[in-house]
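Undergrad: Quick one, final-v3.tsv (TSV, C-alpha atoms):
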chain	number	residue	atom	x	y	z
W	86	MET	CA	-0.74	-2.41	-12.51
W	87	ARG	CA	2.36	-1.49	-10.56
W	88	VAL	CA	1.99	1.45	-8.17
W	89	ILE	CA	4.70	3.36	-6.35
W	90	GLY	CA	3.43	5.03	-3.18
W	91	ILE	CA	5.31	7.87	-1.55
W	92	ASP	CA	5.13	9.22	2.00
W	93	PRO	CA	7.10	12.45	1.65
W	94	GLY	CA	9.28	13.84	4.41
W	95	SER	CA	12.17	16.26	4.67
W	96	ARG	CA	14.25	13.83	6.79
W	97	LEU	CA	12.74	10.43	5.86
W	98	THR	CA	10.78	9.77	2.67
W	99	GLY	CA	9.02	6.42	2.61
W	100	PHE	CA	8.40	4.48	-0.58
W	101	GLY	CA	6.46	1.34	-1.37
W	102	VAL	CA	5.97	-0.46	-4.68
W	103	VAL	CA	2.96	-2.76	-5.00
W	104	ASP	CA	1.58	-4.85	-7.87
W	105	CYS	CA	-2.24	-4.66	-7.97
W	106	GLU	CA	-4.33	-7.10	-9.97
W	107	ASN	CA	-7.91	-8.32	-9.44
W	108	ASN	CA	-8.07	-7.13	-5.82
W	109	ARG	CA	-4.81	-8.93	-5.07
W	110	PHE	CA	-1.80	-6.99	-3.88
W	111	LYS	CA	1.81	-8.09	-3.88
W	112	VAL	CA	4.65	-6.05	-2.46
W	113	VAL	CA	7.58	-5.53	-4.82
W	114	GLU	CA	9.84	-3.33	-2.70
W	115	TYR	CA	9.63	-0.85	0.14
W	116	GLY	CA	11.92	1.25	2.25
W	117	VAL	CA	12.98	4.73	3.25
W	118	VAL	CA	15.11	7.39	1.60
W	119	ARG	CA	17.22	8.60	4.53
W	120	LEU	CA	18.38	12.15	4.12
W	121	LYS	CA	21.59	13.47	5.58
W	122	GLN	CA	21.49	16.34	8.08
W	123	VAL	CA	22.30	19.04	5.54
W	124	ALA	CA	20.62	22.13	4.12
W	125	ILE	CA	17.22	21.76	2.47
W	126	ALA	CA	18.38	22.10	-1.17
W	127	PRO	CA	20.79	19.10	-1.08
W	128	ARG	CA	18.12	17.03	0.73
W	129	LEU	CA	15.61	17.81	-2.02
W	130	GLN	CA	18.18	16.78	-4.61
W	131	GLN	CA	18.71	13.48	-2.74
W	132	ILE	CA	14.95	12.80	-2.73
W	133	PHE	CA	14.70	13.54	-6.43
W	134	GLU	CA	17.73	11.49	-7.47
W	135	GLN	CA	17.01	8.46	-5.28
W	136	LEU	CA	13.33	8.27	-6.25
W	137	ARG	CA	14.14	8.74	-9.92
W	138	ALA	CA	16.64	5.87	-9.77
W	139	LEU	CA	14.06	3.72	-7.95
W	140	ILE	CA	11.39	4.52	-10.54
W	141	GLU	CA	13.73	3.66	-13.40
W	142	ARG	CA	14.62	0.36	-11.71
W	143	VAL	CA	11.14	-0.91	-10.69
W	144	ARG	CA	9.21	0.66	-13.60
W	145	PRO	CA	5.86	1.47	-11.96
W	146	ASP	CA	2.78	2.35	-14.01
W	147	VAL	CA	1.45	4.97	-11.59
W	148	PHE	CA	2.85	7.32	-8.94
W	149	ALA	CA	0.69	7.94	-5.84
W	150	ILE	CA	1.62	10.40	-3.09
W	151	GLU	CA	0.18	11.63	0.17
W	152	GLN	CA	-1.07	15.21	0.21
W	153	VAL	CA	0.51	17.72	2.56
W	154	PHE	CA	-0.99	17.77	6.03
W	155	VAL	CA	-0.74	21.24	7.57
W	156	ALA	CA	-0.56	21.02	11.33
W	157	LYS	CA	0.69	23.57	13.83
W	158	ASN	CA	4.10	24.42	12.43
W	159	PRO	CA	4.03	26.29	9.09
W	160	SER	CA	7.80	25.89	8.67
W	161	SER	CA	7.51	22.09	8.86
W	162	ALA	CA	4.60	22.11	6.42
W	163	LEU	CA	6.63	24.19	3.98
W	164	LYS	CA	9.61	21.80	4.17
W	165	LEU	CA	7.24	18.86	3.69
W	166	GLY	CA	5.80	20.61	0.64
W	167	HIS	CA	9.29	21.00	-0.80
W	168	ALA	CA	10.03	17.29	-0.27
W	169	ARG	CA	6.71	16.38	-1.84
W	170	GLY	CA	7.50	18.58	-4.85
W	171	ALA	CA	10.90	16.92	-5.35
W	172	ALA	CA	9.25	13.49	-5.22
W	173	MET	CA	6.51	14.50	-7.64
W	174	LEU	CA	9.08	15.94	-10.03
W	175	ALA	CA	10.90	12.60	-10.10
W	176	GLY	CA	7.65	10.83	-11.01
W	177	SER	CA	6.67	13.43	-13.58
W	178	ILE	CA	10.06	13.42	-15.32
W	179	CYS	CA	9.80	9.62	-15.58
W	180	GLY	CA	6.46	10.07	-17.37
W	181	LEU	CA	4.19	8.71	-14.63
W	182	GLU	CA	0.62	9.79	-13.97
W	183	ILE	CA	0.54	11.30	-10.47
W	184	SER	CA	-2.35	10.71	-8.08
W	185	GLU	CA	-2.72	12.42	-4.73
W	186	TYR	CA	-4.56	11.18	-1.64
W	187	SER	CA	-5.24	12.76	1.72
W	188	ALA	CA	-4.19	10.99	4.92
W	189	LEU	CA	-7.88	10.49	5.69
W	190	GLN	CA	-8.50	8.74	2.33
W	191	ILE	CA	-5.45	6.52	2.76
W	192	LYS	CA	-6.31	5.43	6.28
W	193	LYS	CA	-9.93	4.79	5.37
W	194	ALA	CA	-8.92	2.65	2.36
W	195	VAL	CA	-6.42	0.57	4.31
W	196	VAL	CA	-7.75	0.44	7.87
W	197	GLY	CA	-11.41	1.28	7.35
W	198	ARG	CA	-11.22	4.34	9.62
W	199	GLY	CA	-9.97	7.74	8.57
W	200	ARG	CA	-8.69	8.52	12.06
W	201	ALA	CA	-6.57	5.38	12.49
W	202	ASP	CA	-3.20	5.77	14.20
W	203	LYS	CA	0.18	4.89	12.70
W	204	GLN	CA	0.39	1.52	14.46
W	205	GLN	CA	-2.98	0.45	13.05
W	206	VAL	CA	-1.80	1.41	9.55
W	207	GLN	CA	1.40	-0.60	10.04
W	208	GLN	CA	-0.52	-3.66	11.22
W	209	MET	CA	-3.06	-3.56	8.39
W	210	VAL	CA	-0.39	-3.03	5.73
W	211	ALA	CA	1.58	-6.00	7.08
W	212	MET	CA	-1.58	-8.13	7.10
W	213	LEU	CA	-2.84	-7.08	3.64
W	214	LEU	CA	0.56	-7.63	2.03
W	215	ASN	CA	1.47	-10.77	4.00
W	216	LEU	CA	4.67	-9.20	5.33
W	217	PRO	CA	6.69	-11.24	7.85
W	218	GLU	CA	7.08	-8.24	10.18
W	219	LEU	CA	5.75	-4.73	10.63
W	220	PRO	CA	7.39	-2.29	8.22
W	221	GLN	CA	8.88	0.94	9.54
W	222	SER	CA	6.27	3.67	9.94
W	223	ASP	CA	7.32	5.71	6.87
W	224	SER	CA	7.49	2.59	4.69
W	225	ALA	CA	4.09	1.42	5.97
W	226	ASP	CA	2.59	4.80	5.14
W	227	ALA	CA	4.02	4.65	1.61
W	228	LEU	CA	2.71	1.11	1.11
W	229	ALA	CA	-0.67	2.33	2.37
W	230	VAL	CA	-0.63	5.08	-0.28
W	231	ALA	CA	0.05	2.45	-2.98
W	232	LEU	CA	-2.71	0.19	-1.63
W	233	CYS	CA	-5.13	3.12	-1.52
W	234	HIS	CA	-4.45	3.92	-5.16
W	235	GLY	CA	-4.70	0.26	-6.17
W	236	GLN	CA	-8.07	-0.12	-4.47
W	237	SER	CA	-9.36	3.20	-5.80
W	238	SER	CA	-8.34	2.59	-9.40
W	239	GLN	CA	-9.80	-0.93	-9.43
W	240	LEU	CA	-13.07	0.38	-8.01
W	241	HIS	CA	-13.09	3.21	-10.55
W	242	GLN	CA	-12.56	0.73	-13.39
W	243	GLN	CA	-15.46	-1.41	-12.16
W	244	ILE	CA	-17.75	1.62	-11.82
W	245	CYS	CA	-16.74	2.92	-15.24
W	246	ALA	CA	-17.33	-0.45	-16.89
W	247	GLN	CA	-20.73	-0.76	-15.22
W	248	TYR	CA	-21.69	2.85	-15.97
W	249	CYS	CA	-20.73	2.57	-19.60
W	250	GLN	CA	-22.65	-0.68	-20.08
W	251	ASP	CA	-25.74	0.65	-18.29
W	252	GLN	CA	-25.90	3.87	-20.30
W	253	THR	CA	-25.27	2.67	-23.84
W	254	GLY	CA	-25.37	-1.14	-23.83
W	255	THR	CA	-21.80	-1.07	-25.11
W	256	GLN	CA	-18.68	0.33	-23.61
W	257	SER	CA	-18.16	4.00	-24.45
W	258	LYS	CA	-14.94	5.89	-24.11
W	259	LEU	CA	-14.94	6.96	-20.46
W	260	ALA	CA	-12.09	6.65	-18.01
W	261	PHE	CA	-11.19	7.82	-14.56
W	262	ARG	CA	-8.34	10.29	-14.60
W	263	ARG	CA	-7.22	12.27	-11.58
W	264	GLY	CA	-10.15	10.94	-9.59
W	265	ARG	CA	-12.87	12.02	-12.02
W	266	LEU	CA	-14.88	10.28	-14.70
W	267	ARG	CA	-13.92	11.86	-18.03
W	268	ARG	CA	-14.41	11.22	-21.71
W	269	THR	CA	-11.30	10.01	-23.51
Spit out the file's structure as structure tokens when you get a sec.
TA:
Amino acid sequence: MRVIGIDPGSRLTGFGVVDCENNRFKVVEYGVVRLKQVAIAPRLQQIFEQLRALIERVRPDVFAIEQVFVAKNPSSALKLGHARGAAMLAGSICGLEISEYSALQIKKAVVGRGRADKQQVQQMVAMLLNLPELPQSDSADALAVALCHGQSSQLHQQICAQYCQDQTGTQSKLAFRRGRLRRT
């Protein structure tokens, strides 16, 4: 499974593409969409267009994105929400299933602690993906989102397979979608 992880931002939007198979993770590509110092609407268009081109080039199976974190400044949170929406639109238009994770979930999946700082996330991402150097903070966060989804979906598949076998003796038609066990 190929996952694209997105760390949305109104000035810098991080992205990371990871192949996940049998609890093994391999980085495909990562980087940052740098946005010019212009009005918000052209920046949102840049996010959309650049991520759509990236998605069409690397062909991920799933799109994972960090949820909005509302801190002290409502204006910043609103701009972040706009950037997140532009990124999600790019994934949706390309036909990808979109999964969302909180910062706490991402940090816990990658570092083991939900309150880890950015440097710890960078170090763990570099170690888990065998990167030669620490990725930039926004790229590391995006790779962490992809890793979080990869770990979560593999765990969900294992639980579903076990649950289905335990309940019926044969596999029934259950699958995890949007973080919940559902009938297909």
Undergrad: Please list as a PyMOL selection string every residue within 9 Å of W:Arg198, counting all atoms listed in the file and excluding residues in the same chain fewer than 6 positions away.
TA: chain W and resi 189-190+192
Undergrad: Out of W:Leu165, W:Ser177, W:Cys233, W:Leu214, which residue has the shortest atom-to-atom distance to W:Gly197 when counting all atoms listed in the file?
TA: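 Closest residue, counting all atoms listed in the file: W:Cys233.
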Undergrad: Using all atoms listed in the file, find the one residue out of W:Val118, W:Met86, W:Ile140, W:Leu181 that sits nearest to W:Gly99.
TA: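 Going through W:Val118, W:Met86, W:Ile140, W:Leu181 one by one, the smallest distance to W:Gly99 is for W:Val118.
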Undergrad: With all atoms listed in the file counted, which protein, DNA or RNA residues have an atom no more than 10 Å from (9.2, 3.2, 8.3) in the file frame? Please answer as a list in words.
TA: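 Residues with an atom at most 10 Å from (9.2, 3.2, 8.3): Asp92, Leu97, Thr98, Gly99, Phe100, Tyr115, Gly116, Val117, Val118, Gln207, Leu219, Pro220, Gln221, Ser222, Asp223, Ser224, Ala225, Asp226, Ala227 and Leu228 of chain W.
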Undergrad: Which one is closest to W:Asp202: W:Ile183, W:Ala188, W:Val123, W:Met173? Count all atoms listed in the file.
TA: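 Using all atoms listed in the file, W:Asp202 sits closest to W:Ala188.
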